[in-house]
Amino acid sequence: MKKMLAVVSLALTMPLVAEGVEFQTPGSVGIGGAGVARNNGALTSYWNPAGAAFSKSTLAVNAGAGFGIRASDGLTENIDLLSTIDFDNVKDFNTTSAGAKEVGDVVKTLSILNDIKTRQGNIAINVIAPVSFSIKNISFGIYGGMEGYVQPVADMDNIRPNTEVAGTTLTVTDLVTAAAATTAYTTPVYFSQAQFDALTSAHSDKLASAIDTQLKDSGIDPATAFSTINATFPQLTGANTNTLNKNTTSVMTKAFQYIEIPLSYGHPFDIGKKGKLGLGITGKVIKGTVYQNEVLLVNGQDNVDAKDIINDITENKKSSSAIGIDIGALYKYENWLNIGLVAKNINSPKFEAPDYFTPKYNTSTDKIELSERVAGSAVELKPQIRTGVAIEPVGWMTLAADLDLSENDTVAPGSVVGSSIKSRNFGGGFEVKPASWLKVRGGAYKNLAQSNGSVLTAGFKLFLLDVDGAMATNTFTIDGNELPREVKVNASMSFSF
């Protein structure tokens with residue numbers, strides 16, 4: 001009965017599962033990222049040092065690598081849309097030669113900038129490469145890894161296109177004049193009828209018709225364009241100097257690359273009929289490199305797309321070293337129930353970030369230049385506390401789940417863009433062993449601190465080879481292609497005796 005209640009309780013948590021960004025999951029991706037209470041063999045020094053107290057092998061060895069990428073809506077597709085616009089023509093809007101197309105480009109540009117600011121989309125990349133060993137009650141290894149983020153910094157103040165006449169700026173009247181050749185109609189092809197009617201009453205039927213025609217195949221959501229027009233067009237009334245040639249819309253890139261050398265020890269305590277308790281501690285030397293940079297999306301020398309942003313993430317860096325300490329506990333009841341608890345980086349090791357240059361308008365050259373030097377924000381690995389449970393209802397099956405008890409900061413540049421990315425992970429799954437040389441895993445995970453949906457996971461072990469993968473069911477757009485919002489793969493070779 002106790003086993004059945006435990007299995008039912010764990011099964012009820014399965015749809016809510018997850019893995020966080022900073023707490024990587026080597027060797028456990030396929031089971032939904034759950035590993036705090038499992039027998040992790042050579043990976044004990046990463047997961048829970050208390051696991052070494054119950055090592056079943058004289059020697060265990062693991063070597064592998066993993067890669068993952070996650071993107072949310074609102075950044076990659078907008079960067080790619082922005083790269084298709086001739087920004088010089090939008091900046092220097094010519095009231096003499098402009099027509100419906102140029103009017104449409106103005107609205108496209110303002111809609112994209114507004115959507116970047118509103119949705120605050122991001123890209124996250126993580127890499128991990130562990131080589132680890134376990135010898136009875138001692139576990140050690142070398143863990144290499146990297147986590148990187150891309151987040152936008154949208155400028156919605158400097159949005160007014162210039163006119164061809166020096167010292168003058170664009171007004172709504174200029175847009176209406178440029179769109180005057182477009183014949184008004186009453187059946188919109190892009191906006192809803194209600195949106196179209198609202199635009200014609202607020203601005204002009206000529207302008208609304210031109211915008212509706214030009215945005216039909218733009219890739220911009222009609223609701224986004226409609227709200228942008230109503231929010232930004234009033235700023236085009238009257239003279240001011242907030243022109244697009246001064247716009248500093250950009251993306252912040254920040255990454256943390258590290259090499260970690262841990263040494264763990266676990267000690268068992270027999271508590272009689274109540275089971276056994278293992279306690280463990282890990283000391284680790286960490287060499288970390290912080291990358292931080294800012295990349296212009298507009299007013300640069302060339303148009304930038306999403307792939308360019310990812311390629312630029314490792315420019316501009318600073319390295320430093322620190323000591324980290326982890327502690328853990330693992331309770332075992334008979335041969336079927338494990339409950340684990342681990343606190344990682346309890347001393348909050350800190351790594352310095354490089355200075356970088358932020359964009360600023362130069363009045364002498366009338367250009368945006370990366371000329372203002374600012375201090376980068378350090379990466380502090382704050383304590384992470386995670387608990388987990390693993391159940392073996394029968395000898396050939398394991399059920400496991402992990403939950404972060406702390407909401408964890410990530411290395412995303414939240415202090416700069418005003419909205420940090422958090423991770424609080426809940427994940428789990430199952431592993432079955434139909435043969436001594438084969439294991440099959442499945443599960444799911446979810447970040448409870450974000451509304452990014454769940455991710456399904458699966459994996460297998462065939463003799464010495466482990467392969468795990470994870471893929472989100474929802475998608476994002478990059479280079480016009482629909483891709484899963486999160487993809488992760490891990491592969492490793494392991495053995496023990």
# chains A, B, ... in the order shown; residues from 1 in each chain; ligands from 1

$ residues_around --residues "range 402-404 of chain A" --least-positions-apart "3" --cutoff "8 Å" --atoms "only C-alpha atoms" --output "list in words"
Gly33, Ala34, Gly35, Val36, Gln384, Ile385, Arg386, Thr387, Gly388, Val389, Glu407, Arg424, Asn425, Phe426, Gly427 and Gly428 of chain A

$ closest_atom_pairs --of "range 245-324 of chain A" --to "range 124-127 of chain A" --cutoff "10 Å" --atoms "only C-alpha atoms" --output "CSV"
residue,atom,partner,partner_atom,distance
A:Thr253,CA,A:Ala124,CA,9.8
A:Lys254,CA,A:Ala124,CA,9.6
A:Ala255,CA,A:Ile125,CA,8.6
A:Phe256,CA,A:Asn126,CA,9.4
A:Gln257,CA,A:Val127,CA,8.9
A:Ile310,CA,A:Ile125,CA,8.8
A:Ile313,CA,A:Ile125,CA,9.8

$ write_last_selection --atoms "C-alpha atoms" --output "tab-separated table (two decimals), in the first residue's frame"
chain	number	residue	atom	x	y	z
A	253	THR	CA	24.17	39.55	-25.17
A	254	LYS	CA	25.49	37.96	-22.00
A	255	ALA	CA	27.04	34.57	-21.37
A	256	PHE	CA	28.85	32.68	-18.64
A	257	GLN	CA	31.39	30.01	-19.58
A	310	ILE	CA	23.90	34.30	-31.76
A	313	ILE	CA	27.43	36.30	-28.13

$ select_by_dssp --residues "range 262-490 of chain A" --states "strand (DSSP E)" --output "ChimeraX atom specification"
/A:262-270,276-296,317-333,337-344,350-351,356-362,367-374,379-380,384-394,397-404,408-409,422-423,425-435,438-447,455-462,465-472,475-478,481-484,486-490

$ closest_atom_pairs --of "range 98-146 of chain A" --to "range 203-227 of chain A" --cutoff "6 Å" --atoms "only C-alpha atoms" --output "CSV"
residue,atom,partner,partner_atom,distance
A:Ala100,CA,A:Ala210,CA,5.2
A:Gly104,CA,A:Gln214,CA,5.1
A:Ser111,CA,A:Ala225,CA,5.3

$ select_by_dssp --residues "range 196-357 of chain A" --states "alpha helix (DSSP H)" --output "ChimeraX atom specification"
/A:196-202,205-214,222-232,306-311

$ write_last_selection --atoms "N, CA and C atoms" --output "JSON list (two decimals), in the first residue's frame"
[["chain", "number", "residue", "atom", "x", "y", "z"],
["A", 196, "PHE", "N", -10.05, 48.62, -38.94],
["A", 196, "PHE", "CA", -9.96, 49.51, -40.11],
["A", 196, "PHE", "C", -10.83, 50.75, -39.91],
["A", 197, "ASP", "N", -12.05, 50.56, -39.43],
["A", 197, "ASP", "CA", -12.94, 51.70, -39.21],
["A", 197, "ASP", "C", -12.36, 52.64, -38.16],
["A", 198, "ALA", "N", -11.73, 52.07, -37.12],
["A", 198, "ALA", "CA", -11.12, 52.91, -36.08],
["A", 198, "ALA", "C", -9.96, 53.72, -36.63],
["A", 199, "LEU", "N", -9.17, 53.14, -37.52],
["A", 199, "LEU", "CA", -8.06, 53.87, -38.12],
["A", 199, "LEU", "C", -8.56, 55.00, -39.03],
["A", 200, "THR", "N", -9.58, 54.72, -39.83],
["A", 200, "THR", "CA", -10.06, 55.75, -40.76],
["A", 200, "THR", "C", -10.65, 56.92, -40.00],
["A", 201, "SER", "N", -11.29, 56.64, -38.87],
["A", 201, "SER", "CA", -11.87, 57.74, -38.11],
["A", 201, "SER", "C", -10.80, 58.53, -37.36],
["A", 202, "ALA", "N", -9.70, 57.85, -37.00],
["A", 202, "ALA", "CA", -8.66, 58.53, -36.21],
["A", 202, "ALA", "C", -7.64, 59.24, -37.10],
["A", 205, "ASP", "N", -8.84, 57.82, -44.29],
["A", 205, "ASP", "CA", -9.14, 56.60, -45.04],
["A", 205, "ASP", "C", -8.04, 56.29, -46.03],
["A", 206, "LYS", "N", -7.38, 57.31, -46.58],
["A", 206, "LYS", "CA", -6.27, 57.08, -47.51],
["A", 206, "LYS", "C", -5.11, 56.39, -46.80],
["A", 207, "LEU", "N", -4.78, 56.90, -45.62],
["A", 207, "LEU", "CA", -3.67, 56.33, -44.85],
["A", 207, "LEU", "C", -4.00, 54.91, -44.40],
["A", 208, "ALA", "N", -5.21, 54.70, -43.90],
["A", 208, "ALA", "CA", -5.60, 53.37, -43.44],
["A", 208, "ALA", "C", -5.57, 52.36, -44.58],
["A", 209, "SER", "N", -6.00, 52.78, -45.78],
["A", 209, "SER", "CA", -6.00, 51.89, -46.93],
["A", 209, "SER", "C", -4.58, 51.51, -47.32],
["A", 210, "ALA", "N", -3.68, 52.49, -47.34],
["A", 210, "ALA", "CA", -2.29, 52.22, -47.70],
["A", 210, "ALA", "C", -1.63, 51.26, -46.72],
["A", 211, "ILE", "N", -1.86, 51.50, -45.44],
["A", 211, "ILE", "CA", -1.27, 50.64, -44.41],
["A", 211, "ILE", "C", -1.83, 49.23, -44.51],
["A", 212, "ASP", "N", -3.14, 49.11, -44.69],
["A", 212, "ASP", "CA", -3.77, 47.79, -44.77],
["A", 212, "ASP", "C", -3.21, 46.98, -45.94],
["A", 213, "THR", "N", -2.98, 47.64, -47.07],
["A", 213, "THR", "CA", -2.45, 46.95, -48.24],
["A", 213, "THR", "C", -1.01, 46.51, -48.04],
["A", 214, "GLN", "N", -0.19, 47.40, -47.48],
["A", 214, "GLN", "CA", 1.24, 47.13, -47.39],
["A", 214, "GLN", "C", 1.59, 46.13, -46.29],
["A", 222, "PRO", "N", -1.79, 41.82, -36.99],
["A", 222, "PRO", "CA", -2.62, 43.02, -37.13],
["A", 222, "PRO", "C", -2.88, 43.75, -35.82],
["A", 223, "ALA", "N", -3.07, 43.00, -34.73],
["A", 223, "ALA", "CA", -3.31, 43.65, -33.43],
["A", 223, "ALA", "C", -2.10, 44.45, -33.00],
["A", 224, "THR", "N", -0.89, 43.94, -33.29],
["A", 224, "THR", "CA", 0.33, 44.67, -32.95],
["A", 224, "THR", "C", 0.43, 45.96, -33.74],
["A", 225, "ALA", "N", 0.16, 45.88, -35.05],
["A", 225, "ALA", "CA", 0.23, 47.08, -35.89],
["A", 225, "ALA", "C", -0.82, 48.10, -35.46],
["A", 226, "PHE", "N", -2.03, 47.63, -35.17],
["A", 226, "PHE", "CA", -3.12, 48.54, -34.78],
["A", 226, "PHE", "C", -2.77, 49.27, -33.49],
["A", 227, "SER", "N", -2.30, 48.54, -32.48],
["A", 227, "SER", "CA", -1.97, 49.19, -31.20],
["A", 227, "SER", "C", -0.78, 50.13, -31.35],
["A", 228, "THR", "N", 0.16, 49.75, -32.22],
["A", 228, "THR", "CA", 1.32, 50.62, -32.45],
["A", 228, "THR", "C", 0.91, 51.94, -33.07],
["A", 229, "ILE", "N", 0.05, 51.87, -34.08],
["A", 229, "ILE", "CA", -0.40, 53.10, -34.75],
["A", 229, "ILE", "C", -1.08, 54.03, -33.75],
["A", 230, "ASN", "N", -1.97, 53.48, -32.95],
["A", 230, "ASN", "CA", -2.69, 54.31, -31.98],
["A", 230, "ASN", "C", -1.77, 54.86, -30.89],
["A", 231, "ALA", "N", -0.70, 54.10, -30.57],
["A", 231, "ALA", "CA", 0.20, 54.54, -29.50],
["A", 231, "ALA", "C", 1.26, 55.51, -29.98],
["A", 232, "THR", "N", 1.74, 55.32, -31.21],
["A", 232, "THR", "CA", 2.90, 56.10, -31.66],
["A", 232, "THR", "C", 2.56, 57.26, -32.59],
["A", 306, "ALA", "N", 18.87, 37.29, -36.76],
["A", 306, "ALA", "CA", 18.96, 36.51, -35.52],
["A", 306, "ALA", "C", 20.22, 35.67, -35.46],
["A", 307, "LYS", "N", 20.66, 35.12, -36.60],
["A", 307, "LYS", "CA", 21.88, 34.31, -36.61],
["A", 307, "LYS", "C", 23.10, 35.15, -36.26],
["A", 308, "ASP", "N", 23.15, 36.39, -36.73],
["A", 308, "ASP", "CA", 24.26, 37.28, -36.38],
["A", 308, "ASP", "C", 24.34, 37.49, -34.88],
["A", 309, "ILE", "N", 23.19, 37.66, -34.23],
["A", 309, "ILE", "CA", 23.16, 37.89, -32.79],
["A", 309, "ILE", "C", 23.76, 36.71, -32.05],
["A", 310, "ILE", "N", 23.38, 35.50, -32.42],
["A", 310, "ILE", "CA", 23.90, 34.30, -31.76],
["A", 310, "ILE", "C", 25.41, 34.19, -31.97],
["A", 311, "ASN", "N", 25.89, 34.53, -33.18],
["A", 311, "ASN", "CA", 27.32, 34.44, -33.46],
["A", 311, "ASN", "C", 28.12, 35.46, -32.65]]
